[in-house]
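**Q** Handing you this structure, nothing more for now.
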Amino acid sequence: MTSYEGTHPTVPVRVGDRHAQIDERLAPTIQAIWECGLDTFTCCQDLAESNASWPEKLPHMAQWVESHRGWMLIDFPVDSGLAFLSAVANAGPRDAFYVRMTHWAAPDAWKVTIKPMDAAMFRADQPSDFGLRLLQVSFPGYDLPELTRRLREHAAGRTVPPAPADWSTVGR
């Protein structure tokens, strides 16, 4: 059954004890991530669509919203996010997809950030306590099929031997 409670239609995903309503385009990918034993916090199948109303209240966000059209996002606990990146990189060739996910200057490079968060954001009665709790991965939507394929390869125990990458798109 599809739900339309949020910006995007969602479908239920369950792997063992984990279950959630997930944006329908990301559902197979989140399922594969969970099958790899990794944890996630949140996800979004199109950042611009989810945040389209921001510029009404926050005009300075208009350019950000437009620049994220067609981009997806998955939030992880830091350790799971790092394991996710390694799993995806090792389960496929060191091709243009790999270069996008690993080098900030590649065309359509993935945006991978570790965000320090203050626990006091959620508990105003507590003193500030910053920690590295969130690894955020944003990527172009056209990478989703290959990303999901690589996660399934990793879950099946299949890796690709290390090899040189073509770094010409980043000037190397």
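Just remember, in the structure tokens the first chain shown is A, the second B, etc., residues are 1-based per chain, and ligands are 1-based in the order shown.
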I'd like the neighbourhood of Arg69 (chain A) as a list in words, where a residue qualifies if any of its atoms comes within 8 Å (using only C-alpha atoms), though same-chain residues fewer than 3 positions away should be ignored.
**A** Asp46, Leu47, Ala48, Glu49, Val65 and Glu66 of chain A
**Q** So that I can see what lies close to Gly171 (chain A), please list as a list in words the residues with an atom at most 12 Å from it, counting only C-alpha atoms and leaving out residues fewer than 3 positions away in the same chain.
**A**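 Everything that qualifies: Val99, His103, Trp104, Ala105, Ala106, Pro107, Asp166, Trp167 and Ser168 of chain A.
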**Q** In region 7-168 of chain A, what's helix (DSSP H, G or I) per DSSP? Answer as a PyMOL selection string?
**A** chain A and resi 27-35+47-50+54-57+59-67+78-90+96-102+119-121+141-155+168
**Q** I'd like the neighbourhood of Met101 (chain A) as JSON, numbers by chain, where a residue qualifies if any of its atoms comes within 9 Å (using only C-alpha atoms), though same-chain residues fewer than 2 positions away should be ignored.
**A** {"A": [85, 89, 96, 97, 98, 99, 103, 104, 106, 108, 109, 110, 111, 112, 139]}
**Q** Using only C-alpha atoms, find the one residue out of A:Ser128, A:Pro28, A:Thr113, A:Gly81 that sits nearest to Glu146 (chain A).
**A**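 Closest to Glu146 (chain A), using only C-alpha atoms: A:Pro28.
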